[in-house]
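> This is the structure, below, for whatever I ask next.
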There are 4 protein chains.
Amino acid sequence: MSEKKRVSETRVRVRYAETDQMGVVYYANYLVWMEVGRVELCKACGFNYRDMEKEDGIYLEVAESHCRYRAPAHYDDEVVVKTWIELANLRTVTFAYEMRLAATDRRLATGTTRHVYVSRAMKPTQLPRKYHAMLGLAEPKV
Amino acid sequence: MSEKKRVSETRVRVRYAETDQMGVVYYANYLVWMEVGRVELCKACGFNYRDMEKEDGIYLEVAESHCRYRAPAHYDDEVVVKTWIELANLRTVTFAYEMRLAATDRRLATGTTRHVYVSRAMKPTQLPRKYHAMLGLAEPKV
Amino acid sequence: MSEKKRVSETRVRVRYAETDQMGVVYYANYLVWMEVGRVELCKACGFNYRDMEKEDGIYLEVAESHCRYRAPAHYDDEVVVKTWIELANLRTVTFAYEMRLAATDRRLATGTTRHVYVSRAMKPTQLPRKYHAMLGLAEPKV
Amino acid sequence: MSEKKRVSETRVRVRYAETDQMGVVYYANYLVWMEVGRVELCKACGFNYRDMEKEDGIYLEVAESHCRYRAPAHYDDEVVVKTWIELANLRTVTFAYEMRLAATDRRLATGTTRHVYVSRAMKPTQLPRKYHAMLGLAEPKV
């Protein structure tokens, strides 16, 4: 995590629904927590993802996901989800995540998701200028 | 189950994702199987629910759900979902469900869901005439 | 809601994962929120449901669920889940729920879930004495 | 896909529950389909994963997941999930997946999951000999 990067932090409490018969959190649910994390990061960056969709018709279509599961999370655990932007440009943005157990700071999982900006019709599109600074895009040189 | 009613039958295999740490299927997932059942019933009645939404802009908004859990379902069980229409009129339709273990015919759950027809804008609307016979609505007397 | 009843209140933020293509929360997810609500109620009553399972081997098996969907919840909405005990005895407990939109207090859904106490082997069992007062069971008369 | 590898093929029908408000399948659900795929592959290899857990106390704990989303899946689509073993040894197994739209053969997603064998107590363990041939482990040279 670069010191310059804005890192958002949010917490989720493990739901019974999220466990499986192994007694731990089912692996797909970490991707749901990543979604919770990136929504919070958007808020920390100055906008609601909800409004980005509604008002600007810009959607973050997922192109790739990756997760390393390092220690299992259990029912009723409080999990800290840290999220930051690893890379952003006019066409794509990559979020990185780290999930830790609140009680012990044990690292549970790390991962990334890569997204492309698409229009309502799901066609690739450029990120509108108003979001450039918020997502940390460098200003083009003159 | 009235003999006159059309009853559709479909099967689902319990997914690991659907279990919880009690080692059985998490209770909300029965409502997902009900959805699978009513889509199959629509097909048995002569239409795709998908097309009803896409082509006619008619959505089945859920107004009420009820489920009795009679015996737990386990991972990898094959479950038979029977679905039929309990009541249908111009404004609303109620589906009934029975879920049984395929291997032993043991009854796992029974339930109902009540729906209202809504437009794309989610306003209550009447069921278009083309669906009347398919959903078993009685012809109005002259 | 009786004035005497302990009512717990917790909040959930609607996740993207919980929406469906109708643009609203998928109906089975209200049952997940009910689960979040009753865990919070247990805490308000003085115990963790997690410990009840782990330490006492008592599980709340769901026997019945009912939900009335009154207004749709949308992505990123904050929802207040109120939970209270409608009925509790030595064999069974019924929780009642009310979900409202935090922003406007609009009622989204109401419902109940009925549970039986079961052992680790999923056999019906009596509620241990230590939980009687916490779940509001009346003391037997001498 | 090596010609020598056993490839299992199974089909899932997209559920309404699996869509999100973007009108496509929510990205975490592809990991659920991968799970469906690897269970089928186990069956094709000659054993039930269910029995591996129950009878031998061997669990496939997920250590890593990766998914490339290439084209969106929609409600009611039939999806073909192909699964094969990319790598297996005494400690770990990596499954690979390809998901295609049944109607057009369009590739929707590809991915991998890496697992370690763990005991009931979730301690890393070796794969029992009876599974070696079924998972394609090479016989050790004498």
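Order determines the names: the first chain of the structure tokens is A, the second B, and so forth; residues in each chain are numbered 1 upward, and ligands are numbered 1 upward as they are shown.
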Show me which bits of chain A are within 7 Å of chain B, counting only C-alpha atoms, as a PyMOL selection string.

chain A and resi 16-17+19-23+26

> Save the residues we just selected, all heavy atoms, as a compact mmCIF listing (two decimals), in the first residue's frame?


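And here's selection-v5.txt as it stands now:
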```
# COMPACT_ATOMS: atom_id res chain seq x y z
N TYR A 16 -24.74 -15.58 9.27
CA TYR A 16 -24.94 -17.03 9.20
C TYR A 16 -25.09 -17.48 7.75
O TYR A 16 -24.56 -18.51 7.34
CB TYR A 16 -26.21 -17.41 9.99
CG TYR A 16 -26.10 -18.74 10.68
CD1 TYR A 16 -25.61 -18.83 11.98
CD2 TYR A 16 -26.47 -19.91 10.04
CE1 TYR A 16 -25.49 -20.06 12.63
CE2 TYR A 16 -26.36 -21.13 10.67
CZ TYR A 16 -25.87 -21.21 11.96
OH TYR A 16 -25.76 -22.42 12.59
N ALA A 17 -25.80 -16.68 6.98
CA ALA A 17 -26.02 -16.97 5.56
C ALA A 17 -24.72 -17.12 4.79
O ALA A 17 -24.68 -17.77 3.75
CB ALA A 17 -26.86 -15.87 4.92
N THR A 19 -21.89 -18.44 5.92
CA THR A 19 -21.11 -19.63 6.27
C THR A 19 -21.57 -20.81 5.42
O THR A 19 -22.62 -20.78 4.79
CB THR A 19 -21.30 -20.01 7.75
OG1 THR A 19 -22.67 -20.37 7.97
CG2 THR A 19 -20.94 -18.86 8.67
N ASP A 20 -20.74 -21.86 5.40
CA ASP A 20 -21.15 -23.09 4.74
C ASP A 20 -20.93 -24.25 5.71
O ASP A 20 -20.56 -24.03 6.86
CB ASP A 20 -20.39 -23.30 3.42
CG ASP A 20 -18.89 -23.45 3.62
OD1 ASP A 20 -18.45 -23.88 4.70
OD2 ASP A 20 -18.15 -23.15 2.67
N GLN A 21 -21.16 -25.45 5.26
CA GLN A 21 -21.12 -26.58 6.19
C GLN A 21 -19.71 -26.91 6.67
O GLN A 21 -19.54 -27.73 7.57
CB GLN A 21 -21.79 -27.80 5.58
CG GLN A 21 -21.03 -28.45 4.45
CD GLN A 21 -21.73 -29.73 4.00
OE1 GLN A 21 -22.94 -29.82 4.02
NE2 GLN A 21 -20.97 -30.71 3.56
N MET A 22 -18.69 -26.26 6.10
CA MET A 22 -17.33 -26.42 6.61
C MET A 22 -17.17 -25.59 7.89
O MET A 22 -16.16 -25.69 8.59
CB MET A 22 -16.32 -25.98 5.55
CG MET A 22 -15.07 -26.83 5.47
SD MET A 22 -13.90 -26.24 4.19
CE MET A 22 -14.54 -27.01 2.70
N GLY A 23 -18.19 -24.75 8.17
CA GLY A 23 -18.15 -23.95 9.38
C GLY A 23 -17.42 -22.63 9.22
O GLY A 23 -17.16 -21.93 10.19
N TYR A 26 -18.15 -19.06 3.12
CA TYR A 26 -18.07 -19.60 1.75
C TYR A 26 -17.26 -18.65 0.88
O TYR A 26 -17.44 -17.44 0.93
CB TYR A 26 -19.48 -19.78 1.20
CG TYR A 26 -19.54 -20.42 -0.16
CD1 TYR A 26 -19.30 -21.77 -0.31
CD2 TYR A 26 -19.82 -19.67 -1.28
CE1 TYR A 26 -19.34 -22.37 -1.56
CE2 TYR A 26 -19.88 -20.25 -2.54
CZ TYR A 26 -19.63 -21.61 -2.68
OH TYR A 26 -19.67 -22.18 -3.92
```

> Identify, on the basis of only C-alpha atoms, every residue whose closest approach to C:Val80 does not exceed 7 Å; exclude the query and any residue fewer than 2 positions from it along the same chain; express the result as a list in words.

Glu9, Thr10, Arg11, Val12, Glu78, Lys82, Met99, Arg100, Leu101 and Ala102 of chain C

> Just give me the gap between atom CA of A:Thr92 and atom CA of A:Tyr117 in Å, one decimal is fine.

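Going from atom CA of A:Thr92 over to atom CA of A:Tyr117 covers 6.3 Å.
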
> Smallest atom-to-atom distance to D:His66: which of A:Leu90, A:Leu31, A:Val79, A:Ala121, using only C-alpha atoms?

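Going through A:Leu90, A:Leu31, A:Val79, A:Ala121 one by one, the smallest distance to D:His66 is for A:Leu31.
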